[in-house]
Every structure is written in structure tokens, then in C-alpha cells.
file work.cif (mmCIF, C-alpha atoms)
data_coords
#
loop_
_atom_site.group_PDB
_atom_site.id
_atom_site.type_symbol
_atom_site.label_atom_id
_atom_site.label_comp_id
_atom_site.auth_asym_id
_atom_site.auth_seq_id
_atom_site.Cartn_x
_atom_site.Cartn_y
_atom_site.Cartn_z
ATOM 1 C CA MET A 1 -0.857 24.291 -9.228
ATOM 2 C CA PRO A 2 2.088 25.512 -11.329
ATOM 3 C CA ALA A 3 3.441 23.173 -13.979
ATOM 4 C CA TYR A 4 5.752 20.538 -12.538
ATOM 5 C CA LYS A 5 7.896 18.020 -14.372
ATOM 6 C CA ALA A 6 8.399 14.759 -12.480
ATOM 7 C CA LYS A 7 12.032 13.866 -11.891
ATOM 8 C CA SER A 8 11.598 10.213 -10.926
ATOM 9 C CA PRO A 9 10.806 7.278 -13.216
ATOM 10 C CA VAL A 10 7.181 6.142 -12.988
ATOM 11 C CA LEU A 11 5.849 2.586 -13.094
ATOM 12 C CA PHE A 12 2.212 2.484 -14.226
ATOM 13 C CA ILE A 13 0.530 -0.856 -13.477
ATOM 14 C CA VAL A 14 -2.636 -1.479 -15.502
ATOM 15 C CA PHE A 15 -5.012 -4.305 -16.317
ATOM 16 C CA ASN A 16 -8.522 -4.157 -17.760
ATOM 17 C CA ARG A 17 -10.144 -0.836 -16.795
ATOM 18 C CA PRO A 18 -9.693 1.661 -19.655
ATOM 19 C CA GLU A 19 -11.641 4.523 -18.064
ATOM 20 C CA GLN A 20 -9.687 4.556 -14.816
ATOM 21 C CA ALA A 21 -6.371 3.921 -16.555
ATOM 22 C CA ARG A 22 -6.878 6.837 -18.961
ATOM 23 C CA LYS A 23 -7.701 9.191 -16.094
ATOM 24 C CA VAL A 24 -4.580 8.279 -14.139
ATOM 25 C CA PHE A 25 -2.505 8.459 -17.321
ATOM 26 C CA SER A 26 -3.827 11.968 -17.946
ATOM 27 C CA ARG A 27 -2.208 13.107 -14.692
ATOM 28 C CA ILE A 28 1.063 11.304 -15.532
ATOM 29 C CA ARG A 29 0.973 13.046 -18.901
ATOM 30 C CA GLU A 30 0.707 16.434 -17.186
ATOM 31 C CA VAL A 31 3.913 15.940 -15.180
ATOM 32 C CA GLN A 32 5.811 14.343 -18.095
ATOM 33 C CA PRO A 33 8.339 12.012 -16.472
ATOM 34 C CA ASP A 34 11.422 11.261 -18.566
ATOM 35 C CA LYS A 35 10.905 7.526 -18.045
ATOM 36 C CA LEU A 36 7.588 5.671 -17.980
ATOM 37 C CA TYR A 37 7.241 1.942 -17.431
ATOM 38 C CA ILE A 38 3.856 0.372 -18.213
ATOM 39 C CA ALA A 39 3.101 -3.152 -16.951
ATOM 40 C CA ALA A 40 -0.052 -5.111 -17.684
ATOM 41 C CA ASP A 41 -1.258 -8.555 -16.636
ATOM 42 C CA GLY A 42 -2.801 -10.685 -19.368
ATOM 43 C CA PRO A 43 -6.546 -11.180 -19.932
ATOM 44 C CA ARG A 44 -8.350 -13.918 -18.025
ATOM 45 C CA ALA A 45 -9.483 -16.773 -20.259
ATOM 46 C CA SER A 46 -12.662 -17.138 -18.188
ATOM 47 C CA ARG A 47 -13.727 -13.511 -18.830
ATOM 48 C CA PRO A 48 -14.694 -12.955 -22.482
ATOM 49 C CA GLY A 49 -14.521 -9.163 -22.181
ATOM 50 C CA ASP A 50 -11.017 -9.088 -20.784
ATOM 51 C CA ALA A 51 -9.159 -9.355 -24.082
ATOM 52 C CA ASP A 52 -10.724 -6.223 -25.553
ATOM 53 C CA ALA A 53 -10.522 -4.264 -22.287
ATOM 54 C CA CYS A 54 -6.844 -5.162 -21.859
ATOM 55 C CA ARG A 55 -6.154 -4.152 -25.450
ATOM 56 C CA GLN A 56 -7.761 -0.744 -24.883
ATOM 57 C CA VAL A 57 -5.715 -0.178 -21.743
ATOM 58 C CA ARG A 58 -2.449 -1.105 -23.442
ATOM 59 C CA GLU A 59 -3.113 1.466 -26.184
ATOM 60 C CA ILE A 60 -2.254 4.089 -23.559
ATOM 61 C CA ALA A 61 1.412 3.487 -24.352
ATOM 62 C CA GLN A 62 0.754 5.045 -27.771
ATOM 63 C CA LEU A 63 -0.542 8.255 -26.188
ATOM 64 C CA VAL A 64 2.824 9.357 -24.817
ATOM 65 C CA ASP A 65 3.413 12.615 -26.713
ATOM 66 C CA TRP A 66 6.281 14.135 -24.759
ATOM 67 C CA ASP A 67 10.005 13.368 -24.770
ATOM 68 C CA CYS A 68 9.918 10.154 -22.756
ATOM 69 C CA GLU A 69 11.569 6.752 -22.693
ATOM 70 C CA VAL A 70 8.699 4.240 -22.586
ATOM 71 C CA LYS A 71 9.159 0.600 -21.640
ATOM 72 C CA THR A 72 6.334 -1.938 -21.605
ATOM 73 C CA ARG A 73 5.823 -5.326 -20.003
ATOM 74 C CA PHE A 74 2.608 -6.806 -21.380
ATOM 75 C CA CYS A 75 1.816 -10.363 -20.279
ATOM 76 C CA ASP A 76 0.152 -12.742 -22.736
ATOM 77 C CA VAL A 77 -1.529 -14.788 -19.998
ATOM 78 C CA ASN A 78 -3.098 -13.858 -16.687
ATOM 79 C CA TYR A 79 -0.873 -14.363 -13.635
ATOM 80 C CA GLY A 80 -3.111 -12.755 -11.041
ATOM 81 C CA CYS A 81 -2.455 -9.913 -8.654
ATOM 82 C CA LYS A 82 0.187 -11.605 -6.509
ATOM 83 C CA ILE A 83 2.556 -12.532 -9.324
ATOM 84 C CA ALA A 84 1.781 -9.932 -11.972
ATOM 85 C CA VAL A 85 2.136 -6.866 -9.743
ATOM 86 C CA SER A 86 5.173 -8.023 -7.771
ATOM 87 C CA ASP A 87 6.940 -9.148 -10.963
ATOM 88 C CA ALA A 88 6.183 -5.748 -12.527
ATOM 89 C CA ILE A 89 7.774 -3.954 -9.577
ATOM 90 C CA THR A 90 10.782 -6.276 -9.721
ATOM 91 C CA TRP A 91 11.148 -5.501 -13.445
ATOM 92 C CA PHE A 92 10.976 -1.777 -12.660
ATOM 93 C CA PHE A 93 13.736 -1.955 -10.058
ATOM 94 C CA GLU A 94 15.904 -4.137 -12.263
ATOM 95 C CA ASN A 95 16.089 -1.044 -14.436
ATOM 96 C CA GLU A 96 15.850 1.826 -11.930
ATOM 97 C CA PRO A 97 17.363 2.470 -8.479
ATOM 98 C CA GLU A 98 14.241 4.318 -7.260
ATOM 99 C CA GLY A 99 10.876 5.447 -8.518
ATOM 100 C CA ILE A 100 7.159 6.116 -8.239
ATOM 101 C CA ILE A 101 4.528 3.374 -8.552
ATOM 102 C CA LEU A 102 0.929 4.004 -9.589
ATOM 103 C CA GLU A 103 -1.798 1.484 -10.287
ATOM 104 C CA ASP A 104 -4.598 2.232 -12.718
ATOM 105 C CA ASP A 105 -7.091 3.125 -9.975
ATOM 106 C CA CYS A 106 -4.870 5.516 -7.992
ATOM 107 C CA PHE A 107 -5.423 9.084 -9.168
ATOM 108 C CA PRO A 108 -2.715 11.405 -7.797
ATOM 109 C CA ALA A 109 -2.617 15.061 -6.866
ATOM 110 C CA TYR A 110 -0.088 17.201 -8.756
ATOM 111 C CA SER A 111 1.971 17.625 -5.596
ATOM 112 C CA PHE A 112 2.190 13.842 -5.172
ATOM 113 C CA PHE A 113 5.035 13.864 -7.685
ATOM 114 C CA THR A 114 6.864 16.766 -6.020
ATOM 115 C CA TYR A 115 6.519 15.019 -2.675
ATOM 116 C CA CYS A 116 7.781 11.657 -3.967
ATOM 117 C CA ASP A 117 10.687 13.232 -5.852
ATOM 118 C CA GLU A 118 11.871 15.133 -2.784
ATOM 119 C CA MET A 119 11.411 12.212 -0.382
ATOM 120 C CA LEU A 120 13.193 9.759 -2.690
ATOM 121 C CA GLU A 121 16.198 12.048 -2.809
ATOM 122 C CA ARG A 122 16.174 13.073 0.859
ATOM 123 C CA TYR A 123 15.913 9.518 2.258
ATOM 124 C CA ARG A 124 17.789 7.698 -0.501
ATOM 125 C CA ASN A 125 20.460 6.436 1.873
ATOM 126 C CA ASP A 126 18.370 6.157 5.032
ATOM 127 C CA ALA A 127 17.987 2.418 5.577
ATOM 128 C CA SER A 128 15.156 2.921 8.090
ATOM 129 C CA ILE A 129 12.819 4.453 5.480
ATOM 130 C CA PHE A 130 11.223 1.740 3.361
ATOM 131 C CA SER A 131 8.513 3.568 1.457
ATOM 132 C CA ILE A 132 6.712 6.818 0.693
ATOM 133 C CA THR A 133 2.940 6.743 0.358
ATOM 134 C CA GLY A 134 0.640 9.363 -1.113
ATOM 135 C CA THR A 135 -2.418 8.032 0.702
ATOM 136 C CA ASN A 136 -3.642 9.546 3.951
ATOM 137 C CA LEU A 137 -6.665 7.838 5.546
ATOM 138 C CA GLN A 138 -6.849 10.054 8.637
ATOM 139 C CA MET A 139 -10.018 11.818 7.399
ATOM 140 C CA GLY A 140 -8.561 15.294 7.734
ATOM 141 C CA ARG A 141 -6.701 14.825 11.018
ATOM 142 C CA LYS A 142 -3.074 15.973 10.930
ATOM 143 C CA TRP A 143 -0.163 14.717 12.989
ATOM 144 C CA GLY A 144 2.452 17.296 13.846
ATOM 145 C CA ASP A 145 3.273 20.523 12.036
ATOM 146 C CA ALA A 146 5.282 19.044 9.171
ATOM 147 C CA SER A 147 4.105 18.096 5.675
ATOM 148 C CA TYR A 148 4.326 14.393 6.550
ATOM 149 C CA TYR A 149 4.764 11.982 9.446
ATOM 150 C CA VAL A 150 6.291 8.545 9.972
ATOM 151 C CA SER A 151 4.277 5.315 10.128
ATOM 152 C CA ARG A 152 4.938 1.604 10.633
ATOM 153 C CA TYR A 153 2.185 0.748 8.113
ATOM 154 C CA THR A 154 2.665 0.904 4.353
ATOM 155 C CA ASN A 155 -0.174 1.966 2.056
ATOM 156 C CA VAL A 156 0.453 1.290 -1.643
ATOM 157 C CA TRP A 157 -2.272 3.403 -3.232
ATOM 158 C CA GLY A 158 0.254 5.594 -4.993
ATOM 159 C CA TRP A 159 3.705 5.191 -3.500
ATOM 160 C CA ALA A 160 7.441 5.254 -4.075
ATOM 161 C CA THR A 161 10.457 3.295 -2.917
ATOM 162 C CA TRP A 162 13.993 2.262 -3.742
ATOM 163 C CA ARG A 163 15.678 -0.795 -5.221
ATOM 164 C CA ARG A 164 17.546 -1.173 -1.905
ATOM 165 C CA VAL A 165 14.202 -1.942 -0.244
ATOM 166 C CA TRP A 166 12.471 -3.947 -2.957
ATOM 167 C CA GLN A 167 15.390 -6.342 -3.322
ATOM 168 C CA GLN A 168 14.476 -7.570 0.179
ATOM 169 C CA TYR A 169 10.888 -8.352 -0.879
ATOM 170 C CA ASP A 170 9.864 -11.950 -0.214
ATOM 171 C CA ARG A 171 6.649 -12.848 -2.012
ATOM 172 C CA GLU A 172 6.289 -16.211 -0.264
ATOM 173 C CA LEU A 173 7.447 -14.941 3.159
ATOM 174 C CA SER A 174 9.957 -17.789 3.133
ATOM 175 C CA ARG A 175 12.455 -15.857 5.272
ATOM 176 C CA PHE A 176 9.987 -15.290 8.080
ATOM 177 C CA PRO A 177 9.110 -18.251 10.356
ATOM 178 C CA GLU A 178 5.641 -18.423 11.878
ATOM 179 C CA SER A 179 7.146 -18.685 15.370
ATOM 180 C CA ASP A 180 8.508 -15.139 15.036
ATOM 181 C CA VAL A 181 5.397 -13.408 13.737
ATOM 182 C CA VAL A 182 3.488 -12.857 17.003
ATOM 183 C CA PRO A 183 6.423 -11.268 18.915
ATOM 184 C CA VAL A 184 7.055 -8.961 15.950
ATOM 185 C CA LEU A 185 3.383 -7.998 15.602
ATOM 186 C CA GLU A 186 3.085 -7.307 19.318
ATOM 187 C CA LYS A 187 5.877 -4.743 19.013
ATOM 188 C CA VAL A 188 4.226 -3.105 16.015
ATOM 189 C CA PHE A 189 0.583 -3.015 17.125
ATOM 190 C CA GLY A 190 0.243 -3.555 20.849
ATOM 191 C CA ASP A 191 -3.399 -4.601 20.422
ATOM 192 C CA ARG A 192 -4.366 -8.272 20.743
ATOM 193 C CA PHE A 193 -7.060 -8.132 18.063
ATOM 194 C CA MET A 194 -4.781 -6.577 15.466
ATOM 195 C CA VAL A 195 -2.065 -9.090 16.348
ATOM 196 C CA HIS A 196 -4.634 -11.874 15.970
ATOM 197 C CA ASP A 197 -5.837 -10.573 12.587
ATOM 198 C CA TRP A 198 -2.369 -10.069 11.143
ATOM 199 C CA ARG A 199 -1.219 -13.443 12.427
ATOM 200 C CA ASN A 200 -4.112 -14.974 10.486
ATOM 201 C CA ILE A 201 -3.203 -12.968 7.382
ATOM 202 C CA PHE A 202 0.378 -14.208 7.700
ATOM 203 C CA GLY A 203 -0.837 -17.804 7.909
ATOM 204 C CA GLN A 204 -3.152 -17.391 4.918
ATOM 205 C CA LEU A 205 -0.344 -15.895 2.866
ATOM 206 C CA LYS A 206 2.004 -18.715 3.821
ATOM 207 C CA ALA A 207 -0.664 -21.223 2.772
ATOM 208 C CA GLY A 208 -1.130 -19.496 -0.583
ATOM 209 C CA ASN A 209 -4.774 -18.674 0.082
ATOM 210 C CA ILE A 210 -4.569 -14.922 -0.629
ATOM 211 C CA ASP A 211 -3.813 -13.700 -4.154
ATOM 212 C CA THR A 212 -2.086 -10.445 -3.319
ATOM 213 C CA TRP A 213 1.406 -8.978 -3.068
ATOM 214 C CA ASP A 214 1.069 -5.972 -0.737
ATOM 215 C CA TYR A 215 0.593 -7.686 2.628
ATOM 216 C CA GLN A 216 4.009 -9.241 2.073
ATOM 217 C CA PHE A 217 5.547 -5.790 1.734
ATOM 218 C CA ASN A 218 4.002 -4.769 5.047
ATOM 219 C CA PHE A 219 5.388 -7.888 6.709
ATOM 220 C CA LEU A 220 8.825 -7.042 5.320
ATOM 221 C CA SER A 221 8.547 -3.629 6.970
ATOM 222 C CA PHE A 222 7.312 -5.149 10.232
ATOM 223 C CA PHE A 223 10.111 -7.700 10.458
ATOM 224 C CA GLU A 224 12.851 -5.305 9.338
ATOM 225 C CA ASN A 225 11.588 -2.329 11.366
ATOM 226 C CA GLY A 226 10.948 -0.271 8.236
ATOM 227 C CA ARG A 227 9.188 3.087 8.182
ATOM 228 C CA CYS A 228 6.749 4.654 5.739
ATOM 229 C CA LEU A 229 6.399 8.406 5.130
ATOM 230 C CA VAL A 230 2.761 9.564 5.111
ATOM 231 C CA PRO A 231 1.625 12.999 3.857
ATOM 232 C CA ASN A 232 -0.487 15.059 6.250
ATOM 233 C CA VAL A 233 -3.021 15.552 3.447
ATOM 234 C CA ASN A 234 -4.428 12.920 1.109
ATOM 235 C CA LEU A 235 -2.638 12.947 -2.258
ATOM 236 C CA ILE A 236 -4.306 9.882 -3.816
ATOM 237 C CA SER A 237 -7.921 9.142 -4.699
ATOM 238 C CA ASN A 238 -8.710 5.471 -5.259
ATOM 239 C CA ILE A 239 -11.148 5.619 -8.173
ATOM 240 C CA GLY A 240 -11.364 1.841 -8.578
ATOM 241 C CA PHE A 241 -13.944 0.854 -5.973
ATOM 242 C CA GLY A 242 -16.948 -1.028 -7.331
ATOM 243 C CA GLU A 243 -17.695 -3.293 -10.248
ATOM 244 C CA GLY A 244 -14.605 -4.689 -11.935
ATOM 245 C CA ALA A 245 -12.341 -4.227 -8.930
ATOM 246 C CA THR A 246 -10.234 -7.136 -7.694
ATOM 247 C CA HIS A 247 -10.347 -6.317 -3.983
ATOM 248 C CA THR A 248 -11.972 -2.891 -3.508
ATOM 249 C CA THR A 249 -15.518 -3.845 -4.473
ATOM 250 C CA GLU A 250 -17.592 -1.879 -1.920
ATOM 251 C CA THR A 251 -18.524 1.560 -3.236
ATOM 252 C CA ALA A 252 -19.857 2.527 0.203
ATOM 253 C CA ASN A 253 -16.377 2.163 1.700
ATOM 254 C CA PRO A 254 -15.369 5.508 3.291
ATOM 255 C CA HIS A 255 -12.001 5.268 1.526
ATOM 256 C CA ALA A 256 -13.569 5.029 -1.945
ATOM 257 C CA ALA A 257 -12.744 7.986 -4.199
ATOM 258 C CA MET A 258 -11.560 10.145 -1.303
ATOM 259 C CA PRO A 259 -10.877 13.736 -2.399
ATOM 260 C CA ILE A 260 -7.292 14.763 -2.964
ATOM 261 C CA VAL A 261 -5.757 17.831 -1.347
ATOM 262 C CA GLU A 262 -2.692 19.536 -2.748
ATOM 263 C CA MET A 263 0.252 19.670 -0.348
ATOM 264 C CA ASP A 264 1.478 23.125 0.623
ATOM 265 C CA LEU A 265 4.927 23.806 -0.759
ATOM 266 C CA PRO A 266 7.747 23.990 0.118
ATOM 267 C CA ILE A 267 7.654 20.700 1.990
ATOM 268 C CA THR A 268 8.402 20.919 5.703
ATOM 269 C CA HIS A 269 10.052 18.046 7.542
ATOM 270 C CA PRO A 270 9.297 16.590 11.006
ATOM 271 C CA ALA A 271 11.778 17.280 13.772
ATOM 272 C CA GLN A 272 11.494 13.677 15.010
ATOM 273 C CA MET A 273 11.497 10.651 12.719
ATOM 274 C CA GLN A 274 9.873 8.180 15.103
ATOM 275 C CA PRO A 275 6.653 6.430 14.008
ATOM 276 C CA VAL A 276 3.481 8.123 15.218
ATOM 277 C CA ARG A 277 1.853 5.078 16.805
ATOM 278 C CA GLU A 278 -1.349 6.938 17.656
ATOM 279 C CA ALA A 279 -1.880 7.824 13.993
ATOM 280 C CA ASP A 280 -1.477 4.193 12.987
ATOM 281 C CA PHE A 281 -3.882 3.128 15.715
ATOM 282 C CA VAL A 282 -6.567 5.635 14.610
ATOM 283 C CA PHE A 283 -6.576 4.230 11.083
ATOM 284 C CA LEU A 284 -6.136 0.560 11.928
ATOM 285 C CA SER A 285 -8.701 0.591 14.736
ATOM 286 C CA GLN A 286 -11.318 1.476 12.126
ATOM 287 C CA GLU A 287 -10.059 -1.167 9.726
ATOM 288 C CA HIS A 288 -10.217 -3.841 12.432
ATOM 289 C CA ASP A 289 -13.383 -2.585 14.185
ATOM 290 C CA LEU A 290 -11.506 -2.514 17.481
ATOM 291 C CA GLU A 291 -13.973 -0.444 19.497
ATOM 292 C CA ASN A 292 -16.841 -2.871 18.938
ATOM 293 C CA ARG A 293 -14.645 -5.916 19.358
ATOM 294 C CA TRP A 294 -13.314 -4.727 22.712
ATOM 295 C CA ARG A 295 -16.824 -3.835 23.830
ATOM 296 C CA ARG A 296 -18.017 -7.351 23.070
ATOM 297 C CA TYR A 297 -14.880 -8.859 24.583
ATOM 298 C CA ASN A 298 -15.407 -7.069 27.895
ATOM 299 C CA LYS A 299 -19.036 -8.068 28.369
ATOM 300 C CA THR A 300 -19.606 -10.006 31.597
ATOM 301 C CA THR A 301 -20.976 -13.066 29.803
ATOM 302 C CA LYS A 302 -17.945 -13.152 27.506
ATOM 303 C CA ARG A 303 -15.540 -12.901 30.441
ATOM 304 C CA ILE A 304 -17.286 -15.807 32.208
ATOM 305 C CA LYS A 305 -17.122 -17.962 29.062
ATOM 306 C CA ARG A 306 -13.420 -17.248 28.645
ATOM 307 C CA TRP A 307 -12.784 -18.149 32.289
ATOM 308 C CA LEU A 308 -14.638 -21.439 31.872
ATOM 309 C CA LYS A 309 -12.707 -22.305 28.733
ATOM 310 C CA ARG A 310 -9.356 -21.473 30.346
ATOM 311 C CA THR A 311 -10.213 -23.343 33.554
ATOM 312 C CA PHE A 312 -11.809 -26.497 32.189
ATOM 313 C CA LEU A 313 -10.655 -26.749 28.575
ATOM 314 C CA GLY A 314 -7.251 -25.107 28.816
ATOM 315 C CA LYS A 315 -8.029 -22.789 25.884
ATOM 316 C CA LYS A 316 -6.459 -19.398 25.374
ATOM 317 C CA ASP A 317 -8.552 -16.296 24.693
ATOM 318 C CA LEU A 318 -7.184 -15.748 21.211
#
call {"tool": "encode", "arguments": {"input": "work.cif", "output": "C-alpha cells"}}
result
Amino acid sequence: MPAYKAKSPVLFIVFNRPEQARKVFSRIREVQPDKLYIAADGPRASRPGDADACRQVREIAQLVDWDCEVKTRFCDVNYGCKIAVSDAITWFFENEPEGIILEDDCFPAYSFFTYCDEMLERYRNDASIFSITGTNLQMGRKWGDASYYVSRYTNVWGWATWRRVWQQYDRELSRFPESDVVPVLEKVFGDRFMVHDWRNIFGQLKAGNIDTWDYQFNFLSFFENGRCLVPNVNLISNIGFGEGATHTTETANPHAAMPIVEMDLPITHPAQMQPVREADFVFLSQEHDLENRWRRYNKTTKRIKRWLKRTFLGKKDL
């Protein structure tokens, strides 16, 4: 790929994995953004090795050797994923109207930055577009002839957005009543098992039982009818699966360390900007094991049990 200088500010969110953080930083260094924000959660008191690992990661800020405005937000204590990451993004958009967000395990292709820069500018004032992701989990399948397609689902392994969107973010989902979630999810997914799963996720988030920030961003998009732009090739490799990961612990996961493919340039744009529901279903059906669940659901013995429960116990199927 020819040399490319990133136009957009970059937020780099790090924690306690020096090897992964240095690799991702090496790619940021190659595209030399004019503004780099580095945010780090504090070490966990219960993990003796955290303090040294966090210190090593934070030393990355000293490796910036190009003309760049560097801002850091290093926490003294550990706030956890939910608070630390969302607060870092809020800090970023308090200072910038738009930008690119990379975590320390999301290694980008060179063309990821070209793609984000162009999409941020092109859709800056389009209120229907909420985010731009670099991750494509379609395993090589392409949707349409353009460089990207439109989705209802947001993936945040390497992404970009605008202040106009993030200022609507609601970490506690306080704006969204539980009575509204099922009707909204039914419009988005159209599959009873996915509606059931996401309804449960919504309830767990409301109860404070899940320490994460990204599901809330998806719910914002669902409730506000937001769209995400997805490249037709995968521009991000998640190199963080395995030991030391917060959530992505299974190295056998098919999405672990997926290869990146450079996007052909110039970028071509889709003629229609409607979400490609089939593309979302292909990915999410794997995530939710829909084929096996429907197979079990439609077994004769299962149908009889459901009929008995409805008839004599007044219970619903899901």
C-alpha cells in the first residue's frame, strides 16, 4: 500500500497488554495522525502484575516521533470495561467532533484509515448513519458491488463515529423502558431467538450484571434506527483472543485473529443505503446458533411439550 497519512483524530484505548498495544501502535505510527488520544484504565489491585504491565503500555505515548498532538487520560484506579472505555470515548468527543477509535487488540489494515476518513466526511451530516466499522465477519462473502454495505448491527473492533452520535449514548439505558425493547427488537431482527437473547442482554445490562459498554451502543442504534457502514472486506484483525483478554478468551473462536484484506481504492459507494438484513442474519445466526436452536425447537416432542405448557400452565414459548 502507498503511504497514507490519516486525516482524522485517533483514540487509542489501552490497558495491560504491551505486546498487542505495541503492534497496534506500530500501524498508527505508520499513518501518522495529527492528533492521537491515548486512554488507559488503571491497574487492578487484585492482579499483582497489572501495575507493571500498565506502565509498559503507557510508555507508548513516549514513542510518538512524528508531528502529532498527543493527549493522555491515564486512570490511577481500575474502573472496569463499562466505565473506563465509555468515559474514554466521551473524553475524546469532548475534544473532537469526529474520529477513529481503536482498542489495543484491534490491528487495522492500512486502508482502514482511508475508509474511515472518507466515510466520516461523506456521512458527517447524515443523521441515519451512526457508525463506521472496520470489521467484516462475513467470512469472505460480499454484499453488493460497492466497497461497503449498510447494517443495523454495530461492531466496535476498530470503528469511527461522530460527536453527534456519541452524545446520545446512554450507559445505563435509562432512556429506554423495558416495555419498548421487544417491539424494537422484533423490527430489527425478525427472529424470536435473537429477540429473546437481546431482551435478556437488555435486562442484564439494566440490572448492572454485565461489565461492558458496547451493547449499550447497539441498543442506541436499535432504538434510534441508526445504521452502521460495514466494509466488504475485513479491515481489522482482533489479536487479543486468549489469555489476558477480558471477554474474548477463546482462541478457537473463528473470529480470532482473522486476516485483514486491503480495500480496493478508490472507494465505491452503494446505490441504495438500506440495511442489508440478510447480511446481518448470516452473521448473527452463527453468533446465536439459530440453525440448531430452530431444529431443536421444531422437534415433535418439543412441540408437544410447548402445547401442554400453553394449554395447562398458560406459559408462553419464550
call {"tool": "closest_residue", "arguments": {"input": "work.cif", "among": "A:Trp66, A:Phe241, A:Phe281, A:Phe202", "to": "Phe222 in chain A", "atoms": "all atoms listed in the file"}}
result
A:Phe202
call {"tool": "closest_residue", "arguments": {"input": "work.cif", "among": "A:Ile13, A:Ala257, A:Val282, A:Leu265", "to": "Ala84 in chain A", "atoms": "all atoms listed in the file"}}
result
A:Ile13
call {"tool": "closest_residue", "arguments": {"input": "work.cif", "among": "A:Cys81, A:Ala39, A:Glu30, A:Asp76", "to": "Ala51 in chain A", "atoms": "all atoms listed in the file"}}
result
A:Asp76
call {"tool": "residues_around", "arguments": {"input": "work.cif", "residues": "Val156 in chain A", "least_positions_apart": "6", "cutoff": "9 Å", "atoms": "only C-alpha atoms", "output": "JSON, numbers by chain"}}
result
{"A": [101, 102, 103, 131, 132, 133, 134, 135, 214]}
call {"tool": "closest_residue", "arguments": {"input": "work.cif", "among": "A:Phe25, A:Tyr110, A:Tyr297, A:Trp91", "to": "Glu262 in chain A", "atoms": "only C-alpha atoms"}}
result
A:Tyr110
call {"tool": "residues_around", "arguments": {"input": "work.cif", "residues": "Thr90 in chain A", "least_positions_apart": "5", "cutoff": "9 Å", "atoms": "only C-alpha atoms", "output": "PyMOL selection string"}}
result
chain A and resi 85+95+163+166-167
call {"tool": "atom_distance", "arguments": {"input": "work.cif", "atom1": "CA of Glu59 in chain A", "atom2": "CA of Tyr4 in chain A"}}
result
25.1 Å
